[in-house]
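What follows is the content of structure14.cif, which has mmCIF, C-alpha atoms:
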```
data_coords
loop_
_atom_site.group_PDB
_atom_site.id
_atom_site.type_symbol
_atom_site.label_atom_id
_atom_site.label_comp_id
_atom_site.auth_asym_id
_atom_site.auth_seq_id
_atom_site.Cartn_x
_atom_site.Cartn_y
_atom_site.Cartn_z
ATOM 1 C CA MET N 24 -2.874 9.557 13.808
ATOM 2 C CA GLU N 25 -3.371 5.932 12.861
ATOM 3 C CA LYS N 26 -1.124 4.526 10.163
ATOM 4 C CA GLU N 27 -3.239 3.656 7.121
ATOM 5 C CA LEU N 28 -2.657 0.453 5.180
ATOM 6 C CA ILE N 29 -4.162 -0.305 1.778
ATOM 7 C CA TRP N 30 -4.641 -4.011 1.070
ATOM 8 C CA SER N 31 -5.083 -5.651 -2.333
ATOM 9 C CA ASN N 32 -8.315 -7.582 -2.946
ATOM 10 C CA GLU N 33 -6.815 -10.910 -1.874
ATOM 11 C CA ASP N 34 -4.633 -9.417 0.917
ATOM 12 C CA GLU N 35 -1.596 -10.536 -1.079
ATOM 13 C CA TYR N 36 -0.120 -7.030 -1.318
ATOM 14 C CA VAL N 37 -0.125 -4.122 1.111
ATOM 15 C CA TYR N 38 0.730 -0.457 0.726
ATOM 16 C CA GLY N 39 1.362 2.355 3.200
ATOM 17 C CA ARG N 40 2.400 6.010 2.834
ATOM 18 C CA GLN N 41 6.082 6.294 3.705
ATOM 19 C CA VAL N 42 5.587 9.473 5.788
ATOM 20 C CA GLU N 43 3.278 7.624 8.192
ATOM 21 C CA PHE N 44 5.961 5.118 9.238
ATOM 22 C CA THR N 45 9.226 5.781 11.054
ATOM 23 C CA SER N 46 11.085 3.051 9.168
ATOM 24 C CA LYS N 47 10.791 -0.087 7.054
ATOM 25 C CA ASP N 48 10.705 -2.130 10.270
ATOM 26 C CA ASP N 49 7.819 -0.005 11.589
ATOM 27 C CA PHE N 50 5.878 -0.679 8.373
ATOM 28 C CA ILE N 51 6.518 -4.439 8.610
ATOM 29 C CA ALA N 52 5.496 -4.547 12.290
ATOM 30 C CA THR N 53 2.289 -2.637 11.554
ATOM 31 C CA VAL N 54 1.374 -5.003 8.698
ATOM 32 C CA LYS N 55 1.963 -8.089 10.865
ATOM 33 C CA LYS N 56 -0.100 -6.602 13.698
ATOM 34 C CA ARG N 57 -3.080 -5.796 11.451
ATOM 35 C CA TYR N 58 -3.042 -8.923 9.272
ATOM 36 C CA GLU N 59 -6.362 -10.650 10.012
ATOM 37 C CA GLU N 60 -5.662 -14.122 8.613
ATOM 38 C CA GLY N 61 -3.253 -15.241 11.369
ATOM 39 C CA GLU N 62 0.519 -14.819 11.139
ATOM 40 C CA CYS N 63 2.382 -13.654 8.044
ATOM 41 C CA ASN N 64 5.735 -12.734 6.589
ATOM 42 C CA VAL N 65 6.129 -9.378 4.882
ATOM 43 C CA VAL N 66 8.523 -9.694 1.935
ATOM 44 C CA ASP N 67 9.760 -7.697 -1.060
ATOM 45 C CA VAL N 68 9.376 -4.392 0.791
ATOM 46 C CA THR N 69 10.236 -1.404 -1.393
ATOM 47 C CA ILE N 70 9.534 2.310 -1.480
ATOM 48 C CA GLU N 71 7.939 3.420 -4.728
ATOM 49 C CA PRO N 72 6.254 6.592 -5.960
ATOM 50 C CA CYS N 73 2.553 5.854 -6.441
ATOM 51 C CA ILE N 74 -0.343 7.794 -7.915
ATOM 52 C CA TYR N 75 -3.559 7.992 -5.901
ATOM 53 C CA SER N 76 -6.877 9.305 -7.173
ATOM 54 C CA ASP N 77 -10.455 9.155 -5.909
ATOM 55 C CA ARG N 78 -11.523 8.555 -9.519
ATOM 56 C CA THR N 79 -10.931 5.186 -11.145
ATOM 57 C CA ILE N 80 -8.873 5.473 -14.295
ATOM 58 C CA PRO N 81 -9.603 2.572 -16.681
ATOM 59 C CA GLY N 82 -6.593 0.798 -18.122
ATOM 60 C CA ASP N 83 -7.608 1.404 -21.722
ATOM 61 C CA HIS N 84 -8.152 5.176 -21.466
ATOM 62 C CA LEU N 85 -5.926 8.221 -21.494
ATOM 63 C CA VAL N 86 -6.861 10.885 -18.988
ATOM 64 C CA PRO N 87 -4.864 14.131 -18.791
ATOM 65 C CA LEU N 88 -3.672 14.643 -15.219
ATOM 66 C CA SER N 89 -5.026 18.189 -15.369
ATOM 67 C CA LEU N 90 -8.551 16.709 -15.431
ATOM 68 C CA VAL N 91 -8.125 14.503 -12.349
ATOM 69 C CA ASP N 92 -7.490 15.191 -8.690
ATOM 70 C CA TYR N 93 -4.458 13.061 -7.930
ATOM 71 C CA CYS N 94 -1.592 12.754 -5.495
ATOM 72 C CA ILE N 95 1.871 11.312 -6.090
ATOM 73 C CA GLU N 96 3.593 10.105 -2.909
ATOM 74 C CA ASN N 97 6.145 7.545 -1.847
ATOM 75 C CA TYR N 98 4.577 4.352 -0.510
ATOM 76 C CA TYR N 99 5.966 1.243 1.083
ATOM 77 C CA THR N 100 4.866 -1.690 -1.055
ATOM 78 C CA ALA N 101 5.141 -5.311 0.050
ATOM 79 C CA ARG N 102 3.928 -8.826 -0.557
ATOM 80 C CA VAL N 103 2.224 -10.631 2.335
ATOM 81 C CA VAL N 104 2.846 -14.372 2.716
ATOM 82 C CA PRO N 105 0.643 -16.270 5.205
ATOM 83 C CA ILE N 106 2.442 -18.581 7.638
ATOM 84 C CA GLU N 107 0.707 -21.945 7.692
#
```
Encoding of this model in C-alpha coordinates:
Amino acid sequence: MEKELIWSNEDEYVYGRQVEFTSKDDFIATVKKRYEEGECNVVDVTIEPCIYSDRTIPGDHLVPLSLVDYCIENYYTARVVPIE
(Lines of atoms letter the chains of each structure in order from A and count residues from 1; the text may use other names and numbers.)
(Lines give C-alpha, C1' and ligand atoms only; values in the text may rest on other atoms or scores of the structure.)
Protein backbone atom coordinates (compact mmCIF):
# COMPACT_ATOMS: atom_id res chain seq x y z
CA MET A 1 0.00 0.00 0.00
CA GLU A 2 1.39 3.37 -1.00
CA LYS A 3 1.81 5.95 1.73
CA GLU A 4 -0.58 8.84 1.09
CA LEU A 5 0.53 12.43 1.57
CA ILE A 6 -1.83 15.41 1.64
CA TRP A 7 -0.24 18.68 0.52
CA SER A 8 -1.50 22.20 1.24
CA ASN A 9 -2.38 24.40 -1.75
CA GLU A 10 1.07 25.99 -1.90
CA ASP A 11 2.97 22.80 -0.91
CA GLU A 12 4.05 24.61 2.25
CA TYR A 13 2.55 22.00 4.59
CA VAL A 14 2.22 18.24 4.29
CA TYR A 15 0.20 15.68 6.21
CA GLY A 16 0.29 11.89 6.40
CA ARG A 17 -1.61 9.30 8.47
CA GLN A 18 0.66 8.10 11.26
CA VAL A 19 -0.29 4.42 10.78
CA GLU A 20 1.06 4.46 7.22
CA PHE A 21 4.61 5.33 8.31
CA THR A 22 7.00 3.27 10.42
CA SER A 23 8.51 6.34 12.09
CA LYS A 24 9.01 10.10 11.92
CA ASP A 25 12.13 9.49 9.81
CA ASP A 26 10.11 7.37 7.37
CA PHE A 27 7.58 10.21 7.01
CA ILE A 28 10.35 12.77 6.39
CA ALA A 29 12.07 10.53 3.81
CA THR A 30 8.79 9.96 1.98
CA VAL A 31 8.06 13.71 1.84
CA LYS A 32 11.53 14.50 0.49
CA LYS A 33 11.23 11.75 -2.13
CA ARG A 34 7.85 12.97 -3.40
CA TYR A 35 8.47 16.73 -3.25
CA GLU A 36 8.23 17.89 -6.87
CA GLU A 37 9.88 21.31 -6.61
CA GLY A 38 13.46 20.05 -6.15
CA GLU A 39 15.04 19.47 -2.74
CA CYS A 40 13.47 20.44 0.57
CA ASN A 41 13.80 20.35 4.33
CA VAL A 42 10.94 18.94 6.38
CA VAL A 43 10.63 20.86 9.66
CA ASP A 44 8.28 21.22 12.63
CA VAL A 45 7.17 17.59 12.38
CA THR A 46 4.50 16.72 14.94
CA ILE A 47 1.81 14.10 15.43
CA GLU A 48 -1.63 15.61 15.87
CA PRO A 49 -5.18 14.26 15.90
CA CYS A 50 -6.96 15.53 12.79
CA ILE A 51 -10.53 15.39 11.56
CA TYR A 52 -11.14 14.27 7.98
CA SER A 53 -14.43 14.51 6.12
CA ASP A 54 -15.46 14.18 2.48
CA ARG A 55 -17.81 17.13 3.06
CA THR A 56 -16.41 20.64 3.36
CA ILE A 57 -17.38 22.28 6.61
CA PRO A 58 -17.42 26.10 6.27
CA GLY A 59 -15.62 28.03 8.98
CA ASP A 60 -18.66 30.07 9.93
CA HIS A 61 -21.09 27.17 10.41
CA LEU A 62 -21.80 24.68 13.16
CA VAL A 63 -22.42 21.15 11.97
CA PRO A 64 -23.24 18.39 14.48
CA LEU A 65 -20.80 15.51 14.00
CA SER A 66 -23.76 13.13 13.91
CA LEU A 67 -24.74 14.66 10.55
CA VAL A 68 -21.34 14.22 8.89
CA ASP A 69 -19.24 11.21 7.94
CA TYR A 70 -15.91 11.95 9.56
CA CYS A 71 -12.77 10.25 10.79
CA ILE A 72 -10.43 11.33 13.58
CA GLU A 73 -6.90 9.93 13.24
CA ASN A 74 -3.37 10.84 14.20
CA TYR A 75 -1.45 12.50 11.37
CA TYR A 76 2.12 13.60 10.95
CA THR A 77 2.06 17.31 10.17
CA ALA A 78 5.07 19.23 8.89
CA ARG A 79 6.21 22.38 7.15
CA VAL A 80 8.14 21.99 3.89
CA VAL A 81 10.98 24.45 3.19
CA PRO A 82 12.46 24.45 -0.33
CA ILE A 83 16.26 24.36 -0.57
CA GLU A 84 17.43 27.01 -3.00
Of the listed residues N:Asp92, N:Glu27, N:Glu33, N:Glu71, that which approaches Phe50 in chain N most closely, counting all atoms listed in the file: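 The closest residue to Phe50 in chain N is N:Glu27.
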Hits from the PyMOL selection byres ((chain N and resi 68) around 9), listed as a count of residues only: 11
Nearest-residue call for Tyr75 in chain N, choices N:Ser89, N:Asn97, N:Ser31, N:Thr53, using all atoms listed in the file: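 Among the listed residues, N:Asn97 lies closest to Tyr75 in chain N.
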Spatial neighbours of Leu28 in chain N, max dist 12 Å, all atoms listed in the file, sep filter under 6 positions, as a PyMOL selection string: chain N and resi 34+36-41+43-44+50-58+98-101
Residue nearest Glu107 in chain N - candidates N:Met24, N:Val42, N:Trp30, N:Asn64, atoms counted: all atoms listed in the file: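 Smallest distance to Glu107 in chain N is found for N:Asn64.
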Padding of 3 Å on every side, edges along x, y and z, all listed atoms of range 41-50 of chain N included: what centre and edge lengths in Å, to one decimal, does that box have, as JSON?
```
{"center_x": 7.2, "center_y": 3.7, "center_z": 7.6, "size_x": 13.8, "size_y": 17.6, "size_z": 13.9}
```
Expansion of the PyMOL selection byres ((chain N and resi 73) around 6) into residues, as a list in words: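 Checking the PyMOL selection byres ((chain N and resi 73) around 6) against this file, the residues are Pro72, Ile74, Ile95 and Glu96 of chain N.
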Regenerate range 60-80 of chain N at the level of N, CA and C atoms and dump it as a PDB file, in the coordinates of the input.
```
ATOM      1  N   GLU N  60      -5.572 -12.699   8.958  1.00  0.00           N
ATOM      2  CA  GLU N  60      -5.662 -14.122   8.613  1.00  0.00           C
ATOM      3  C   GLU N  60      -4.674 -14.971   9.416  1.00  0.00           C
ATOM      4  N   GLY N  61      -4.241 -14.515  10.569  1.00  0.00           N
ATOM      5  CA  GLY N  61      -3.253 -15.241  11.369  1.00  0.00           C
ATOM      6  C   GLY N  61      -1.896 -14.567  11.269  1.00  0.00           C
ATOM      7  N   GLU N  62      -0.833 -15.360  11.238  1.00  0.00           N
ATOM      8  CA  GLU N  62       0.519 -14.819  11.139  1.00  0.00           C
ATOM      9  C   GLU N  62       0.952 -14.730   9.679  1.00  0.00           C
ATOM     10  N   CYS N  63       1.908 -13.815   9.409  1.00  0.00           N
ATOM     11  CA  CYS N  63       2.382 -13.654   8.044  1.00  0.00           C
ATOM     12  C   CYS N  63       3.824 -13.175   8.024  1.00  0.00           C
ATOM     13  N   ASN N  64       4.452 -13.355   6.888  1.00  0.00           N
ATOM     14  CA  ASN N  64       5.735 -12.734   6.589  1.00  0.00           C
ATOM     15  C   ASN N  64       5.481 -11.600   5.616  1.00  0.00           C
ATOM     16  N   VAL N  65       6.241 -10.529   5.768  1.00  0.00           N
ATOM     17  CA  VAL N  65       6.129  -9.378   4.882  1.00  0.00           C
ATOM     18  C   VAL N  65       7.428  -9.332   4.079  1.00  0.00           C
ATOM     19  N   VAL N  66       7.328  -9.554   2.768  1.00  0.00           N
ATOM     20  CA  VAL N  66       8.523  -9.694   1.935  1.00  0.00           C
ATOM     21  C   VAL N  66       8.493  -8.705   0.767  1.00  0.00           C
ATOM     22  N   ASP N  67       9.624  -8.572   0.114  1.00  0.00           N
ATOM     23  CA  ASP N  67       9.760  -7.697  -1.060  1.00  0.00           C
ATOM     24  C   ASP N  67       9.336  -6.259  -0.760  1.00  0.00           C
ATOM     25  N   VAL N  68       9.746  -5.753   0.394  1.00  0.00           N
ATOM     26  CA  VAL N  68       9.376  -4.392   0.791  1.00  0.00           C
ATOM     27  C   VAL N  68      10.223  -3.391   0.010  1.00  0.00           C
ATOM     28  N   THR N  69       9.554  -2.470  -0.659  1.00  0.00           N
ATOM     29  CA  THR N  69      10.236  -1.404  -1.393  1.00  0.00           C
ATOM     30  C   THR N  69       9.510  -0.091  -1.132  1.00  0.00           C
ATOM     31  N   ILE N  70      10.172   0.993  -1.494  1.00  0.00           N
ATOM     32  CA  ILE N  70       9.534   2.310  -1.480  1.00  0.00           C
ATOM     33  C   ILE N  70       9.419   2.747  -2.929  1.00  0.00           C
ATOM     34  N   GLU N  71       8.186   3.043  -3.339  1.00  0.00           N
ATOM     35  CA  GLU N  71       7.939   3.420  -4.728  1.00  0.00           C
ATOM     36  C   GLU N  71       7.004   4.619  -4.795  1.00  0.00           C
ATOM     37  N   PRO N  72       7.230   5.521  -5.762  1.00  0.00           N
ATOM     38  CA  PRO N  72       6.254   6.592  -5.960  1.00  0.00           C
ATOM     39  C   PRO N  72       4.979   5.989  -6.556  1.00  0.00           C
ATOM     40  N   CYS N  73       3.852   6.375  -5.989  1.00  0.00           N
ATOM     41  CA  CYS N  73       2.553   5.854  -6.441  1.00  0.00           C
ATOM     42  C   CYS N  73       1.602   7.017  -6.697  1.00  0.00           C
ATOM     43  N   ILE N  74       0.681   6.797  -7.602  1.00  0.00           N
ATOM     44  CA  ILE N  74      -0.343   7.794  -7.915  1.00  0.00           C
ATOM     45  C   ILE N  74      -1.642   7.349  -7.266  1.00  0.00           C
ATOM     46  N   TYR N  75      -2.268   8.271  -6.532  1.00  0.00           N
ATOM     47  CA  TYR N  75      -3.559   7.992  -5.901  1.00  0.00           C
ATOM     48  C   TYR N  75      -4.588   8.977  -6.440  1.00  0.00           C
ATOM     49  N   SER N  76      -5.785   8.455  -6.717  1.00  0.00           N
ATOM     50  CA  SER N  76      -6.877   9.305  -7.173  1.00  0.00           C
ATOM     51  C   SER N  76      -8.189   8.729  -6.656  1.00  0.00           C
ATOM     52  N   ASP N  77      -9.124   9.612  -6.322  1.00  0.00           N
ATOM     53  CA  ASP N  77     -10.455   9.155  -5.909  1.00  0.00           C
ATOM     54  C   ASP N  77     -11.245   8.614  -7.096  1.00  0.00           C
ATOM     55  N   ARG N  78     -10.830   8.977  -8.301  1.00  0.00           N
ATOM     56  CA  ARG N  78     -11.523   8.555  -9.519  1.00  0.00           C
ATOM     57  C   ARG N  78     -10.795   7.358 -10.134  1.00  0.00           C
ATOM     58  N   THR N  79     -11.514   6.335 -10.485  1.00  0.00           N
ATOM     59  CA  THR N  79     -10.931   5.186 -11.145  1.00  0.00           C
ATOM     60  C   THR N  79     -10.549   5.567 -12.569  1.00  0.00           C
ATOM     61  N   ILE N  80      -9.337   5.212 -12.939  1.00  0.00           N
ATOM     62  CA  ILE N  80      -8.873   5.473 -14.295  1.00  0.00           C
ATOM     63  C   ILE N  80      -8.766   4.130 -15.008  1.00  0.00           C
TER      64      ILE N  80
END
```
